[in-house]
>>> print(open('start-v1.cif').read())   # mmCIF, C-alpha atoms
data_target
loop_
_atom_site.label_atom_id
_atom_site.label_comp_id
_atom_site.auth_asym_id
_atom_site.auth_seq_id
_atom_site.Cartn_x
_atom_site.Cartn_y
_atom_site.Cartn_z
CA MET V 801 0.00 0.00 0.00
CA LYS V 802 1.50 3.34 -1.07
CA HIS V 803 1.26 6.32 1.25
CA SER V 804 1.78 8.93 -1.47
CA MET V 805 -0.97 11.22 -0.23
CA LEU V 806 0.15 11.35 3.36
CA LYS V 807 2.08 14.35 4.61
CA ARG V 808 4.14 13.50 7.71
CA LYS V 809 5.73 15.82 10.26
CA PHE V 810 8.62 13.37 10.63
CA TYR V 811 9.86 14.41 7.19
CA ASP V 812 10.79 17.83 8.62
CA THR V 813 12.54 16.07 11.51
CA LEU V 814 14.73 14.23 8.99
CA VAL V 815 15.52 17.45 7.12
CA SER V 816 16.50 19.15 10.39
CA TRP V 817 18.77 16.22 11.29
CA LYS V 818 20.53 16.48 7.93
CA LYS V 819 21.21 20.17 8.44
CA ALA V 820 22.34 20.02 12.06
CA LYS V 821 24.08 16.67 12.47
CA GLN V 822 27.77 16.34 13.22
CA LYS V 823 29.37 12.87 13.14
CA GLU V 824 26.35 10.76 13.91
CA CYS V 825 24.05 8.24 12.28
CA LEU V 826 20.30 8.35 12.79
CA LEU V 827 18.39 5.38 14.17
CA VAL V 828 14.62 5.59 13.59
CA ASN V 829 12.60 3.10 15.55
CA GLY V 830 8.90 2.61 16.02
CA ALA V 831 6.13 0.09 15.69
CA ARG V 832 5.65 -1.71 12.41
CA GLN V 833 3.45 -0.05 9.81
CA VAL V 834 3.81 3.52 11.08
CA GLY V 835 5.47 4.56 7.80
CA LYS V 836 9.18 4.62 8.69
CA THR V 837 10.46 3.10 5.45
CA PHE V 838 8.18 5.22 3.27
CA ILE V 839 9.13 8.56 4.81
CA ILE V 840 12.89 7.83 4.95
CA ASP V 841 12.79 6.66 1.32
CA LYS V 842 11.00 9.87 0.31
CA PHE V 843 13.49 11.97 2.28
CA ALA V 844 16.45 10.18 0.65
CA ARG V 845 15.17 10.58 -2.91
CA GLU V 846 14.36 14.26 -2.46
CA ASN V 847 17.49 15.38 -0.58
CA TYR V 848 20.45 13.39 -1.96
CA LYS V 849 21.99 12.81 -5.37
CA SER V 850 22.74 9.19 -4.46
CA TYR V 851 20.67 6.79 -2.35
CA ILE V 852 21.56 3.25 -1.29
CA TYR V 853 18.82 1.11 0.26
CA ILE V 854 19.84 -1.95 2.31
CA ASN V 855 16.95 -4.05 3.66
CA LEU V 856 18.39 -6.72 5.95
CA PHE V 857 15.10 -8.61 6.28
CA LYS V 858 14.08 -8.82 2.63
CA ASN V 859 17.67 -9.46 1.55
CA PRO V 860 19.30 -11.63 4.26
CA GLU V 861 22.46 -11.87 2.17
CA TYR V 862 23.07 -8.16 2.84
CA ALA V 863 24.05 -9.10 6.40
CA GLY V 864 27.37 -10.07 4.80
CA ILE V 865 28.08 -6.36 4.39
CA PHE V 866 28.60 -6.16 8.14
CA GLU V 867 30.61 -9.35 8.61
CA GLY V 868 34.34 -9.08 9.12
CA SER V 869 36.05 -5.73 9.59
CA LEU V 870 33.68 -2.90 10.48
CA GLU V 871 36.06 -0.18 9.35
CA ALA V 872 34.08 2.17 7.13
CA PRO V 873 36.15 1.70 3.91
CA GLU V 874 35.70 -2.08 4.17
CA ILE V 875 31.93 -1.69 4.63
CA TYR V 876 31.75 0.56 1.56
CA LYS V 877 33.65 -2.04 -0.47
CA ARG V 878 31.22 -4.76 0.57
CA ILE V 879 28.23 -2.51 -0.17
CA SER V 880 29.51 -2.15 -3.74
CA LEU V 881 29.80 -5.95 -3.97
CA TYR V 882 26.33 -6.77 -2.61
CA VAL V 883 24.20 -3.88 -3.90
CA GLN V 884 23.74 -3.16 -7.58
CA ASN V 885 24.36 0.24 -9.20
CA VAL V 886 26.07 1.77 -6.17
CA ASN V 887 27.20 5.35 -6.66
CA LEU V 888 28.91 6.76 -3.56
CA ILE V 889 29.02 10.55 -3.81
CA GLU V 890 30.84 12.11 -0.88
CA LYS V 891 28.62 14.43 1.21
CA ASP V 892 25.64 13.73 -1.05
CA THR V 893 24.79 10.06 -0.46
CA LEU V 894 22.31 8.55 1.99
CA ILE V 895 22.79 4.93 3.03
CA PHE V 896 19.54 3.61 4.51
CA ILE V 897 19.86 0.39 6.53
CA ASP V 898 16.33 -0.92 7.01
CA GLU V 899 15.35 -3.66 9.50
CA ILE V 900 18.65 -3.15 11.31
CA GLN V 901 17.50 -5.36 14.21
CA VAL V 902 18.24 -8.37 11.98
CA SER V 903 22.02 -7.84 12.26
CA ALA V 904 23.73 -7.05 15.56
CA SER V 905 26.98 -6.11 13.83
CA ALA V 906 25.13 -3.62 11.59
CA ARG V 907 24.11 -1.70 14.70
CA THR V 908 27.72 -1.73 15.96
CA ALA V 909 28.92 -0.55 12.54
CA LEU V 910 27.01 2.72 12.87
CA LYS V 911 29.81 4.07 15.08
CA PHE V 912 32.46 3.54 12.42
CA LEU V 913 30.26 4.93 9.63
CA ALA V 914 29.56 8.01 11.76
CA ILE V 915 33.25 8.59 12.50
CA ASP V 916 34.07 8.28 8.79
CA GLY V 917 31.38 10.82 7.97
CA ARG V 918 31.67 10.77 4.19
CA TYR V 919 28.10 9.61 3.69
CA ASP V 920 24.94 10.10 5.72
CA VAL V 921 23.53 6.95 7.31
CA VAL V 922 19.98 6.36 8.54
CA ALA V 923 18.96 3.05 10.08
CA SER V 924 15.47 1.86 10.91
CA GLY V 925 13.99 -1.02 12.85
CA SER V 926 10.91 -2.14 14.68
CA LEU V 927 10.69 -1.31 18.39
CA LEU V 928 10.17 -4.94 19.33
CA GLY V 929 13.25 -6.13 17.48
CA ILE V 930 15.58 -3.39 18.72
CA HIS V 931 14.46 -3.20 22.34
CA TYR V 932 13.81 -6.85 22.90
CA ASN V 933 17.32 -7.65 21.78
CA LYS V 934 18.65 -5.05 24.21
CA SER V 935 16.99 -6.66 27.22
CA ASP V 936 17.44 -10.34 26.37
CA ALA V 937 20.73 -11.89 27.47
CA ASN V 938 20.36 -14.69 24.92
CA ALA V 939 19.55 -12.50 21.92
CA ASN V 940 21.82 -11.57 19.04
CA GLN V 941 23.06 -8.30 20.54
CA PRO V 942 25.46 -5.68 19.17
CA VAL V 943 29.02 -5.96 20.43
CA SER V 944 28.66 -2.33 21.46
CA ILE V 945 25.92 0.26 21.13
CA PRO V 946 27.33 3.27 19.23
CA VAL V 947 26.74 5.75 22.06
CA GLY V 948 27.61 9.28 20.98
CA TYR V 949 27.58 8.34 17.32
CA GLU V 950 23.90 7.49 17.00
CA ARG V 951 20.86 9.68 17.49
CA GLU V 952 17.79 7.59 18.23
CA LEU V 953 14.34 8.91 17.33
CA GLU V 954 10.96 7.24 17.58
CA MET V 955 8.35 7.62 14.86
CA PHE V 956 4.65 7.24 15.60
CA SER V 957 1.49 6.76 13.56
CA LEU V 958 -0.38 9.79 12.20
CA ASP V 959 -1.53 12.27 14.80
CA PHE V 960 -4.89 14.01 14.45
CA GLU V 961 -3.47 16.96 12.52
CA GLU V 962 -1.79 14.64 10.00
CA PHE V 963 -5.08 12.75 9.73
CA LEU V 964 -6.82 16.01 8.90
CA TRP V 965 -4.22 16.77 6.21
CA ALA V 966 -4.79 13.31 4.72
CA ASN V 967 -8.51 14.06 4.58
CA GLY V 968 -7.99 17.26 2.62
CA ILE V 969 -8.30 19.71 5.51
CA THR V 970 -5.91 22.56 4.78
CA GLU V 971 -3.38 23.98 7.19
CA GLU V 972 -5.22 27.28 6.88
CA SER V 973 -8.46 25.68 8.12
CA ILE V 974 -6.64 24.11 11.06
CA ALA V 975 -4.94 27.41 11.89
CA SER V 976 -8.34 29.10 11.79
CA LEU V 977 -9.71 26.59 14.30
CA LYS V 978 -6.71 27.11 16.58
CA SER V 979 -7.24 30.86 16.48
CA TYR V 980 -10.57 30.48 18.29
CA PHE V 981 -8.80 28.70 21.13
CA ASP V 982 -5.98 31.26 21.20
CA LYS V 983 -8.50 34.10 21.44
CA LYS V 984 -10.72 32.10 23.84
CA GLU V 985 -13.63 32.63 21.48
CA LYS V 986 -16.54 30.28 20.90
CA VAL V 987 -16.06 28.00 17.89
CA PRO V 988 -18.90 28.44 15.36
CA PRO V 989 -21.26 25.41 15.54
CA GLU V 990 -20.72 24.38 11.91
CA VAL V 991 -16.92 24.45 12.34
CA ASN V 992 -17.13 22.61 15.64
CA GLU V 993 -19.35 19.89 14.15
CA LYS V 994 -17.06 19.47 11.13
CA PHE V 995 -13.95 18.87 13.23
CA LEU V 996 -15.77 16.75 15.81
CA GLY V 997 -16.89 14.50 12.96
CA LYS V 998 -13.28 14.12 11.83
CA LEU V 999 -12.21 13.40 15.41
CA ARG V 1000 -14.78 10.59 15.64
CA GLU V 1001 -13.47 9.14 12.38
CA TYR V 1002 -9.90 9.34 13.68
CA MET V 1003 -10.90 7.49 16.84
CA VAL V 1004 -12.23 4.63 14.72
CA VAL V 1005 -9.64 4.62 11.93
CA GLY V 1006 -6.54 5.41 13.99
CA GLY V 1007 -3.30 6.70 12.50
CA MET V 1008 -1.69 3.74 10.76
CA PRO V 1009 -0.87 4.94 7.21
CA GLU V 1010 -2.22 1.85 5.42
CA VAL V 1011 -5.51 2.07 7.32
CA VAL V 1012 -5.84 5.81 6.76
CA ASN V 1013 -5.21 5.32 3.05
CA ARG V 1014 -7.80 2.56 2.90
CA PHE V 1015 -10.34 4.84 4.60
CA ILE V 1016 -9.62 7.74 2.25
CA GLU V 1017 -9.87 5.50 -0.81
CA THR V 1018 -13.04 3.62 0.18
CA SER V 1019 -14.84 5.50 3.02
CA ASN V 1020 -15.69 1.97 4.11
CA PHE V 1021 -15.27 1.05 7.77
CA GLN V 1022 -15.33 -2.67 6.96
CA GLU V 1023 -12.28 -2.11 4.77
CA VAL V 1024 -10.72 -0.15 7.63
CA HIS V 1025 -11.32 -3.04 10.04
CA SER V 1026 -9.78 -5.49 7.58
CA ALA V 1027 -6.63 -3.36 7.29
CA GLN V 1028 -6.43 -3.05 11.08
CA GLU V 1029 -6.72 -6.81 11.51
CA LYS V 1030 -3.89 -7.32 9.03
CA ILE V 1031 -1.61 -5.05 11.08
CA LEU V 1032 -2.52 -6.76 14.35
CA LYS V 1033 -1.60 -10.09 12.76
CA SER V 1034 1.77 -8.66 11.71
CA TYR V 1035 2.46 -7.72 15.34
CA GLU V 1036 1.76 -11.30 16.40
CA ASP V 1037 4.19 -12.44 13.73
CA ASP V 1038 6.83 -10.07 15.13
CA ILE V 1039 6.49 -11.63 18.56
CA GLN V 1040 7.01 -15.03 16.99
CA LEU V 1041 10.03 -13.75 15.06
CA TYR V 1042 11.94 -11.73 17.66
CA ALA V 1043 11.04 -13.02 21.11
CA THR V 1044 12.87 -15.98 22.59
CA ASN V 1045 10.87 -19.14 23.26
CA PRO V 1046 10.51 -18.72 27.05
CA GLU V 1047 9.12 -15.19 26.62
CA LYS V 1048 6.84 -15.70 23.59
CA PRO V 1049 3.73 -16.89 25.47
CA LYS V 1050 4.13 -14.22 28.14
CA ILE V 1051 4.52 -11.44 25.57
CA LYS V 1052 1.46 -12.72 23.71
CA ASN V 1053 -0.56 -12.75 26.92
CA CYS V 1054 0.41 -9.12 27.58
CA TYR V 1055 -0.41 -8.20 24.00
CA TYR V 1056 -3.82 -9.87 24.09
CA SER V 1057 -4.61 -8.11 27.39
CA ILE V 1058 -4.33 -4.61 25.90
CA PRO V 1059 -8.08 -4.21 25.14
CA ARG V 1060 -8.88 -5.21 28.74
CA GLN V 1061 -6.21 -2.84 30.04
CA LEU V 1062 -7.70 0.07 28.10
CA ALA V 1063 -11.25 -0.79 29.13
CA LYS V 1064 -10.43 -0.23 32.82
CA GLU V 1065 -11.10 3.10 34.49
CA TYR V 1066 -7.54 2.90 35.86
CA THR V 1067 -5.58 2.62 32.60
CA LYS V 1068 -2.08 1.98 33.98
CA PHE V 1069 -0.88 -1.45 32.85
CA GLN V 1070 -1.71 -4.06 35.49
CA TYR V 1071 -0.23 -7.54 35.52
CA LYS V 1072 -3.31 -8.97 37.23
CA THR V 1073 -5.28 -8.03 34.11
CA VAL V 1074 -2.97 -10.24 32.06
CA GLU V 1075 -3.46 -13.17 34.44
CA LYS V 1076 -5.38 -13.48 37.69
CA ASN V 1077 -2.23 -13.78 39.79
CA GLY V 1078 0.07 -12.02 37.35
CA THR V 1079 3.10 -10.24 38.80
CA ALA V 1080 5.90 -7.97 37.65
CA LYS V 1081 8.36 -10.77 38.39
CA LYS V 1082 6.63 -13.00 35.84
CA TYR V 1083 5.73 -10.45 33.17
CA GLY V 1084 8.09 -7.53 33.69
CA ASN V 1085 10.56 -8.55 30.95
CA SER V 1086 7.68 -9.06 28.52
CA LEU V 1087 7.01 -5.32 28.43
CA ALA V 1088 10.61 -4.22 27.78
#
>>> encode(input="start-v1.cif", output="structure tokens")
Amino acid sequence: MKHSMLKRKFYDTLVSWKKAKQKECLLVNGARQVGKTFIIDKFARENYKSYIYINLFKNPEYAGIFEGSLEAPEIYKRISLYVQNVNLIEKDTLIFIDEIQVSASARTALKFLAIDGRYDVVASGSLLGIHYNKSDANANQPVSIPVGYERELEMFSLDFEEFLWANGITEESIASLKSYFDKKEKVPPEVNEKFLGKLREYMVVGGMPEVVNRFIETSNFQEVHSAQEKILKSYEDDIQLYATNPEKPKIKNCYYSIPRQLAKEYTKFQYKTVEKNGTAKKYGNSLA
């Protein structure tokens, strides 16, 4: 599903990073399906003469780029061997390492790529893969986290303002609405009803780009539900993929308890909602 119509605030965050960064790589994490790959790809194509995309999940063989010496010149040599049509232009190339949680040594390599500094490097990964590996002693962990050479940012799904943009509401209209609040004036009933209607839609549709696109294209809430179910299934698949065997059932239990957690008046996560006698000792690591 393409997200071509969706304007995202995170794009400006990427542009600001490019302008202000020193010797650092950028690590973008976040839940699956929030649009990380799409927005970084768009940023790369619009701001660099050369763009190299390395997806470690779709192309497992690319992990070989980060095997052996992690000195930057050696990594660049292996990139040219593994990836077709590589054109490394100094100070005008973005290397995008997607699904970085697949390779521990790729995460370690960010330090050496940052120190070299000839090319900009952005990495992306799912929150579960990156953070679960951090907290699990048996997982495939980086030899060292590139502290000081890596800026870590989290990307989220569309907020309400981005949802309004996607639905054709102009920035001028939104600014006009905000002006009533700034002046502490009553919002005209027709304006209030228009935006309340959009808020109700947002509460049902949510902010996942694929679901928002489906809603915009079809105006069909059954289609929306189908897209949401697909994403929920992908999260279950992630648990199966990244969690170690002892933790998988516990993580799934926590995951399945979320609707019950949110239905409570007291919405702080409670282990007893996961299981009658659930405790932090049993489930604490499952929420890392």
>>> resolve_selection(input="start-v1.cif", expression="the PyMOL selection byres ((chain V and resi 875) around 12)", output="ChimeraX atom specification")
/V:862-874,876-883,895,905-906,909-910,912-913,916,919
>>> write_last_selection(input="start-v1.cif", atoms="C-alpha atoms", output="tab-separated table (two decimals), in the frame of the given file")
chain	number	residue	atom	x	y	z
V	862	TYR	CA	23.07	-8.16	2.84
V	863	ALA	CA	24.05	-9.10	6.40
V	864	GLY	CA	27.37	-10.07	4.80
V	865	ILE	CA	28.08	-6.36	4.39
V	866	PHE	CA	28.60	-6.16	8.14
V	867	GLU	CA	30.61	-9.35	8.61
V	868	GLY	CA	34.34	-9.08	9.12
V	869	SER	CA	36.05	-5.73	9.59
V	870	LEU	CA	33.68	-2.90	10.48
V	871	GLU	CA	36.06	-0.18	9.35
V	872	ALA	CA	34.08	2.17	7.13
V	873	PRO	CA	36.15	1.70	3.91
V	874	GLU	CA	35.70	-2.08	4.17
V	876	TYR	CA	31.75	0.56	1.56
V	877	LYS	CA	33.65	-2.04	-0.47
V	878	ARG	CA	31.22	-4.76	0.57
V	879	ILE	CA	28.23	-2.51	-0.17
V	880	SER	CA	29.51	-2.15	-3.74
V	881	LEU	CA	29.80	-5.95	-3.97
V	882	TYR	CA	26.33	-6.77	-2.61
V	883	VAL	CA	24.20	-3.88	-3.90
V	895	ILE	CA	22.79	4.93	3.03
V	905	SER	CA	26.98	-6.11	13.83
V	906	ALA	CA	25.13	-3.62	11.59
V	909	ALA	CA	28.92	-0.55	12.54
V	910	LEU	CA	27.01	2.72	12.87
V	912	PHE	CA	32.46	3.54	12.42
V	913	LEU	CA	30.26	4.93	9.63
V	916	ASP	CA	34.07	8.28	8.79
V	919	TYR	CA	28.10	9.61	3.69
>>> resolve_selection(input="start-v1.cif", expression="the PyMOL selection byres ((chain V and resi 820-837) around 6)", output="VMD selection string")
chain V and resid 817 to 819 838 to 841 914 to 915 917 921 to 927 949 to 957 1008
>>> atom_distance(input="start-v1.cif", atom1="CA of Val1012 in chain V", atom2="CA of Ala966 in chain V")
7.8 Å
>>> closest_residue(input="start-v1.cif", among="V:Asn992, V:Ile974, V:Glu962, V:Tyr1042", to="Gly1006 in chain V", atoms="all atoms listed in the file")
V:Glu962
>>> atom_distance(input="start-v1.cif", atom1="CA of Phe963 in chain V", atom2="CA of Lys986 in chain V")
23.7 Å
>>> atom_distance(input="start-v1.cif", atom1="CA of Tyr1002 in chain V", atom2="CA of Leu958 in chain V")
9.6 Å
>>> residues_around(input="start-v1.cif", residues="Tyr848 in chain V", least_positions_apart="5", cutoff="10 Å", atoms="all atoms listed in the file", output="PDB file with C-alpha atoms, keeping the file's coordinate frame")
ATOM      1  CA  PHE V 843      13.490  11.970   2.280  1.00  0.00           C
ATOM      2  CA  ILE V 889      29.020  10.550  -3.810  1.00  0.00           C
ATOM      3  CA  LYS V 891      28.620  14.430   1.210  1.00  0.00           C
ATOM      4  CA  ASP V 892      25.640  13.730  -1.050  1.00  0.00           C
ATOM      5  CA  THR V 893      24.790  10.060  -0.460  1.00  0.00           C
ATOM      6  CA  LEU V 894      22.310   8.550   1.990  1.00  0.00           C
ATOM      7  CA  ASP V 920      24.940  10.100   5.720  1.00  0.00           C
TER       8      ASP V 920
END
